[in-house]
>>> print(open('target27.txt').read())   # compact mmCIF, N, CA and C atoms
# COMPACT_ATOMS: atom_id res chain seq x y z
N MET K 4 52.18 91.78 134.67
CA MET K 4 51.99 92.34 135.99
C MET K 4 50.67 91.89 136.60
N ILE K 5 49.60 91.87 135.83
CA ILE K 5 48.30 91.45 136.34
C ILE K 5 48.33 89.97 136.70
N ILE K 6 48.99 89.17 135.88
CA ILE K 6 49.08 87.73 136.16
C ILE K 6 49.86 87.51 137.45
N GLU K 7 50.92 88.26 137.66
CA GLU K 7 51.72 88.14 138.87
C GLU K 7 50.89 88.53 140.09
N TRP K 8 50.11 89.62 139.98
CA TRP K 8 49.26 90.03 141.09
C TRP K 8 48.21 88.95 141.39
N PHE K 9 47.65 88.35 140.34
CA PHE K 9 46.65 87.31 140.51
C PHE K 9 47.25 86.11 141.23
N LYS K 10 48.47 85.73 140.86
CA LYS K 10 49.12 84.61 141.53
C LYS K 10 49.35 84.92 143.01
N ASN K 11 49.80 86.13 143.32
CA ASN K 11 50.00 86.52 144.71
C ASN K 11 48.66 86.54 145.45
N GLY K 12 47.61 87.02 144.79
CA GLY K 12 46.29 87.06 145.40
C GLY K 12 45.78 85.66 145.69
N MET K 13 46.07 84.72 144.81
CA MET K 13 45.63 83.34 145.03
C MET K 13 46.36 82.73 146.22
N HIS K 14 47.63 83.08 146.38
CA HIS K 14 48.38 82.59 147.54
C HIS K 14 47.78 83.14 148.83
N ILE K 15 47.43 84.40 148.82
CA ILE K 15 46.83 85.02 150.00
C ILE K 15 45.47 84.40 150.30
N ALA K 16 44.66 84.16 149.26
CA ALA K 16 43.35 83.54 149.45
C ALA K 16 43.49 82.12 149.99
N ALA K 17 44.46 81.39 149.50
CA ALA K 17 44.69 80.02 149.98
C ALA K 17 45.13 80.04 151.44
N LEU K 18 46.01 80.95 151.80
CA LEU K 18 46.46 81.08 153.18
C LEU K 18 45.29 81.45 154.09
N TYR K 19 44.46 82.38 153.64
CA TYR K 19 43.30 82.79 154.43
C TYR K 19 42.33 81.63 154.62
N ALA K 20 42.14 80.83 153.59
CA ALA K 20 41.25 79.66 153.70
C ALA K 20 41.82 78.65 154.71
N ILE K 21 43.11 78.43 154.68
CA ILE K 21 43.75 77.50 155.62
C ILE K 21 43.61 78.01 157.05
N LEU K 22 43.82 79.30 157.26
CA LEU K 22 43.68 79.87 158.60
C LEU K 22 42.25 79.76 159.11
N ASN K 23 41.27 79.93 158.23
CA ASN K 23 39.88 79.77 158.62
C ASN K 23 39.55 78.33 158.97
N LEU K 24 40.10 77.39 158.23
CA LEU K 24 39.90 75.97 158.56
C LEU K 24 40.52 75.63 159.91
N ILE K 25 41.68 76.18 160.19
CA ILE K 25 42.34 75.94 161.48
C ILE K 25 41.48 76.51 162.61
N SER K 26 40.98 77.73 162.42
CA SER K 26 40.13 78.36 163.43
C SER K 26 38.87 77.53 163.68
N PHE K 27 38.22 77.10 162.61
CA PHE K 27 37.03 76.27 162.73
C PHE K 27 37.37 74.98 163.48
N GLY K 28 38.49 74.38 163.12
CA GLY K 28 38.91 73.15 163.77
C GLY K 28 39.18 73.33 165.25
N MET K 29 39.75 74.46 165.62
CA MET K 29 40.01 74.71 167.04
C MET K 29 38.71 74.81 167.83
N PHE K 30 37.70 75.48 167.25
CA PHE K 30 36.41 75.56 167.92
C PHE K 30 35.78 74.17 168.04
N ALA K 31 35.88 73.38 166.97
CA ALA K 31 35.30 72.03 166.98
C ALA K 31 35.99 71.14 168.01
N ILE K 32 37.31 71.20 168.06
CA ILE K 32 38.06 70.39 169.03
C ILE K 32 37.71 70.80 170.45
N ASP K 33 37.64 72.12 170.69
CA ASP K 33 37.32 72.59 172.04
C ASP K 33 35.91 72.17 172.45
N LYS K 34 34.97 72.20 171.52
CA LYS K 34 33.61 71.76 171.83
C LYS K 34 33.59 70.28 172.18
N ARG K 35 34.29 69.47 171.41
CA ARG K 35 34.34 68.03 171.69
C ARG K 35 34.97 67.78 173.06
N LYS K 36 36.03 68.50 173.37
CA LYS K 36 36.68 68.32 174.66
C LYS K 36 35.79 68.80 175.81
N ALA K 37 34.99 69.84 175.55
CA ALA K 37 34.06 70.33 176.57
C ALA K 37 33.00 69.27 176.87
N ILE K 38 32.51 68.61 175.84
CA ILE K 38 31.50 67.56 176.03
C ILE K 38 32.06 66.40 176.83
N LYS K 39 33.33 66.06 176.59
CA LYS K 39 33.96 64.92 177.25
C LYS K 39 34.66 65.28 178.56
N ASN K 40 34.51 66.54 179.00
CA ASN K 40 35.15 67.03 180.24
C ASN K 40 36.66 66.77 180.26
N LYS K 41 37.31 67.07 179.15
CA LYS K 41 38.76 66.91 179.04
C LYS K 41 39.43 68.27 178.99
N TRP K 42 40.76 68.24 178.88
CA TRP K 42 41.56 69.45 178.75
C TRP K 42 41.03 70.29 177.60
N ARG K 43 40.98 71.62 177.79
CA ARG K 43 40.36 72.52 176.82
C ARG K 43 41.38 73.47 176.21
N ILE K 44 41.02 74.01 175.07
CA ILE K 44 41.80 75.07 174.44
C ILE K 44 41.43 76.37 175.13
N SER K 45 42.41 77.19 175.45
CA SER K 45 42.12 78.42 176.18
C SER K 45 41.29 79.39 175.33
N GLU K 46 40.51 80.23 176.02
CA GLU K 46 39.70 81.21 175.32
C GLU K 46 40.57 82.19 174.54
N SER K 47 41.71 82.54 175.09
CA SER K 47 42.60 83.48 174.38
C SER K 47 43.12 82.86 173.08
N ALA K 48 43.40 81.56 173.10
CA ALA K 48 43.85 80.90 171.87
C ALA K 48 42.74 80.86 170.83
N LEU K 49 41.50 80.64 171.28
CA LEU K 49 40.37 80.65 170.35
C LEU K 49 40.17 82.03 169.74
N ILE K 50 40.32 83.07 170.55
CA ILE K 50 40.15 84.43 170.04
C ILE K 50 41.26 84.78 169.07
N ILE K 51 42.49 84.40 169.39
CA ILE K 51 43.61 84.66 168.48
C ILE K 51 43.40 83.93 167.17
N SER K 52 42.92 82.68 167.24
CA SER K 52 42.66 81.96 165.99
C SER K 52 41.57 82.66 165.18
N ALA K 53 40.59 83.25 165.87
CA ALA K 53 39.52 83.97 165.19
C ALA K 53 40.03 85.28 164.58
N VAL K 54 41.05 85.87 165.15
CA VAL K 54 41.63 87.08 164.55
C VAL K 54 42.19 86.76 163.17
N PHE K 55 42.82 85.61 163.04
CA PHE K 55 43.43 85.24 161.77
C PHE K 55 42.45 84.54 160.83
N GLY K 56 41.40 83.95 161.38
CA GLY K 56 40.41 83.25 160.56
C GLY K 56 39.01 83.52 161.10
N ILE K 57 38.54 84.74 160.92
CA ILE K 57 37.28 85.16 161.53
C ILE K 57 36.09 84.38 160.99
N ILE K 58 36.09 84.05 159.73
CA ILE K 58 34.96 83.29 159.16
C ILE K 58 34.91 81.90 159.78
N GLY K 59 36.04 81.26 159.90
CA GLY K 59 36.10 79.95 160.55
C GLY K 59 35.70 80.03 162.02
N GLY K 60 36.08 81.12 162.68
CA GLY K 60 35.68 81.31 164.08
C GLY K 60 34.18 81.45 164.22
N PHE K 61 33.57 82.28 163.35
CA PHE K 61 32.12 82.42 163.38
C PHE K 61 31.42 81.11 163.10
N CYS K 62 31.86 80.41 162.06
CA CYS K 62 31.24 79.13 161.71
C CYS K 62 31.39 78.13 162.85
N GLY K 63 32.56 78.06 163.44
CA GLY K 63 32.78 77.16 164.56
C GLY K 63 31.92 77.51 165.75
N MET K 64 31.75 78.80 165.99
CA MET K 64 30.96 79.24 167.13
C MET K 64 29.49 78.90 166.94
N TYR K 65 28.96 79.15 165.76
CA TYR K 65 27.52 78.98 165.56
C TYR K 65 27.12 77.58 165.09
N ILE K 66 27.94 76.92 164.30
CA ILE K 66 27.61 75.55 163.88
C ILE K 66 27.73 74.60 165.06
N MET K 67 28.78 74.78 165.87
CA MET K 67 29.00 73.90 167.02
C MET K 67 28.23 74.38 168.26
N HIS K 68 27.60 75.56 168.19
CA HIS K 68 26.93 76.17 169.34
C HIS K 68 27.90 76.25 170.51
N HIS K 69 29.08 76.77 170.23
CA HIS K 69 30.15 76.81 171.22
C HIS K 69 30.54 78.25 171.51
N LYS K 70 30.56 78.59 172.77
CA LYS K 70 30.92 79.92 173.26
C LYS K 70 29.92 80.99 172.83
N THR K 71 28.70 80.60 172.53
CA THR K 71 27.69 81.57 172.07
C THR K 71 27.09 82.38 173.20
N ARG K 72 27.32 81.99 174.44
CA ARG K 72 26.78 82.73 175.59
C ARG K 72 27.83 83.58 176.28
N LYS K 73 29.03 83.55 175.78
CA LYS K 73 30.11 84.33 176.40
C LYS K 73 30.26 85.65 175.67
N PRO K 74 30.11 86.78 176.40
CA PRO K 74 30.22 88.10 175.75
C PRO K 74 31.55 88.30 175.03
N LYS K 75 32.59 87.69 175.57
CA LYS K 75 33.90 87.80 174.95
C LYS K 75 33.86 87.31 173.50
N PHE K 76 32.95 86.38 173.22
CA PHE K 76 32.85 85.81 171.88
C PHE K 76 31.70 86.41 171.07
N TYR K 77 30.50 86.53 171.66
CA TYR K 77 29.39 87.02 170.85
C TYR K 77 29.47 88.53 170.61
N ILE K 78 30.30 89.23 171.38
CA ILE K 78 30.58 90.64 171.08
C ILE K 78 31.94 90.76 170.41
N GLY K 79 32.92 90.04 170.91
CA GLY K 79 34.28 90.15 170.42
C GLY K 79 34.48 89.75 168.97
N LEU K 80 33.88 88.65 168.55
CA LEU K 80 34.06 88.20 167.17
C LEU K 80 33.46 89.17 166.15
N PRO K 81 32.25 89.71 166.38
CA PRO K 81 31.77 90.73 165.44
C PRO K 81 32.64 91.98 165.40
N VAL K 82 33.20 92.37 166.54
CA VAL K 82 34.11 93.53 166.56
C VAL K 82 35.35 93.23 165.74
N ILE K 83 35.89 92.03 165.87
CA ILE K 83 37.05 91.64 165.08
C ILE K 83 36.71 91.69 163.59
N LEU K 84 35.54 91.18 163.23
CA LEU K 84 35.11 91.19 161.83
C LEU K 84 35.01 92.61 161.30
N ILE K 85 34.40 93.51 162.05
CA ILE K 85 34.26 94.90 161.62
C ILE K 85 35.64 95.55 161.46
N LEU K 86 36.54 95.30 162.39
CA LEU K 86 37.89 95.87 162.30
C LEU K 86 38.64 95.32 161.09
N GLU K 87 38.48 94.04 160.80
CA GLU K 87 39.15 93.45 159.64
C GLU K 87 38.59 94.02 158.33
N ILE K 88 37.28 94.18 158.26
CA ILE K 88 36.67 94.77 157.06
C ILE K 88 37.15 96.21 156.89
N ALA K 89 37.20 96.96 157.98
CA ALA K 89 37.68 98.34 157.91
C ALA K 89 39.13 98.40 157.46
N ALA K 90 39.95 97.48 157.95
CA ALA K 90 41.37 97.45 157.56
C ALA K 90 41.52 97.13 156.07
N VAL K 91 40.74 96.17 155.58
CA VAL K 91 40.81 95.81 154.16
C VAL K 91 40.35 96.99 153.30
N CYS K 92 39.26 97.63 153.70
CA CYS K 92 38.78 98.81 152.95
C CYS K 92 39.82 99.91 152.94
N PHE K 93 40.46 100.14 154.08
CA PHE K 93 41.50 101.16 154.16
C PHE K 93 42.65 100.83 153.23
N ILE K 94 43.08 99.59 153.22
CA ILE K 94 44.20 99.17 152.37
C ILE K 94 43.83 99.31 150.89
N ILE K 95 42.63 98.87 150.55
CA ILE K 95 42.20 98.94 149.15
C ILE K 95 42.11 100.38 148.65
N TYR K 96 41.48 101.22 149.46
CA TYR K 96 41.26 102.60 149.01
C TYR K 96 42.46 103.51 149.22
N LYS K 97 43.35 103.14 150.11
CA LYS K 97 44.56 103.94 150.34
C LYS K 97 45.60 103.70 149.25
N PHE K 98 45.66 102.46 148.75
CA PHE K 98 46.66 102.13 147.75
C PHE K 98 45.97 101.97 146.46
>>> encode(input="target27.txt", output="structure tokens")
Amino acid sequence: MIIEWFKNGMHIAALYAILNLISFGMFAIDKRKAIKNKWRISESALIISAVFGIIGGFCGMYIMHHKTRKPKFYIGLPVILILEIAAVCFIIYKF
């Protein structure tokens, strides 16, 4: 049973890592397109990607210095992080 749980946990961790890489990549692509004055990724798409990969969103925002002056991002992303931590704590302690 423990081995099975560990395997499932590894799948979840791998999925979470992939989602964070995608989120980071979206921020990087949008920054590059902003520099070149080309078509951009919408802010709502960036926020949704950050919901699923908050660590990648934070890294993309601060490493690329992208969207750091927009309240939607410098307030919104920390709120998303706090809500995700609260949800994980609730799930862990509830079950």
>>> residues_near_point(input="target27.txt", point="(41.9, 79.7, 156.7)", cutoff="10 Å", atoms="only C-alpha atoms", output="PyMOL selection string")
chain K and resi 15-27+52-53+55-60
>>> select_by_dssp(input="target27.txt", residues="chain K", states="alpha helix (DSSP H)", output="ChimeraX atom specification")
/K:5-38,46-55,57-66,74-77,79-97
>>> atom_distance(input="target27.txt", atom1="CA of Val54 in chain K", atom2="CA of Phe76 in chain K")
11.5 Å
>>> atom_distance(input="target27.txt", atom1="CA of Lys36 in chain K", atom2="atom C of Gly79 in chain K")
22.3 Å
>>> atom_distance(input="target27.txt", atom1="atom C of Ile95 in chain K", atom2="atom C of Ile78 in chain K")
25.9 Å
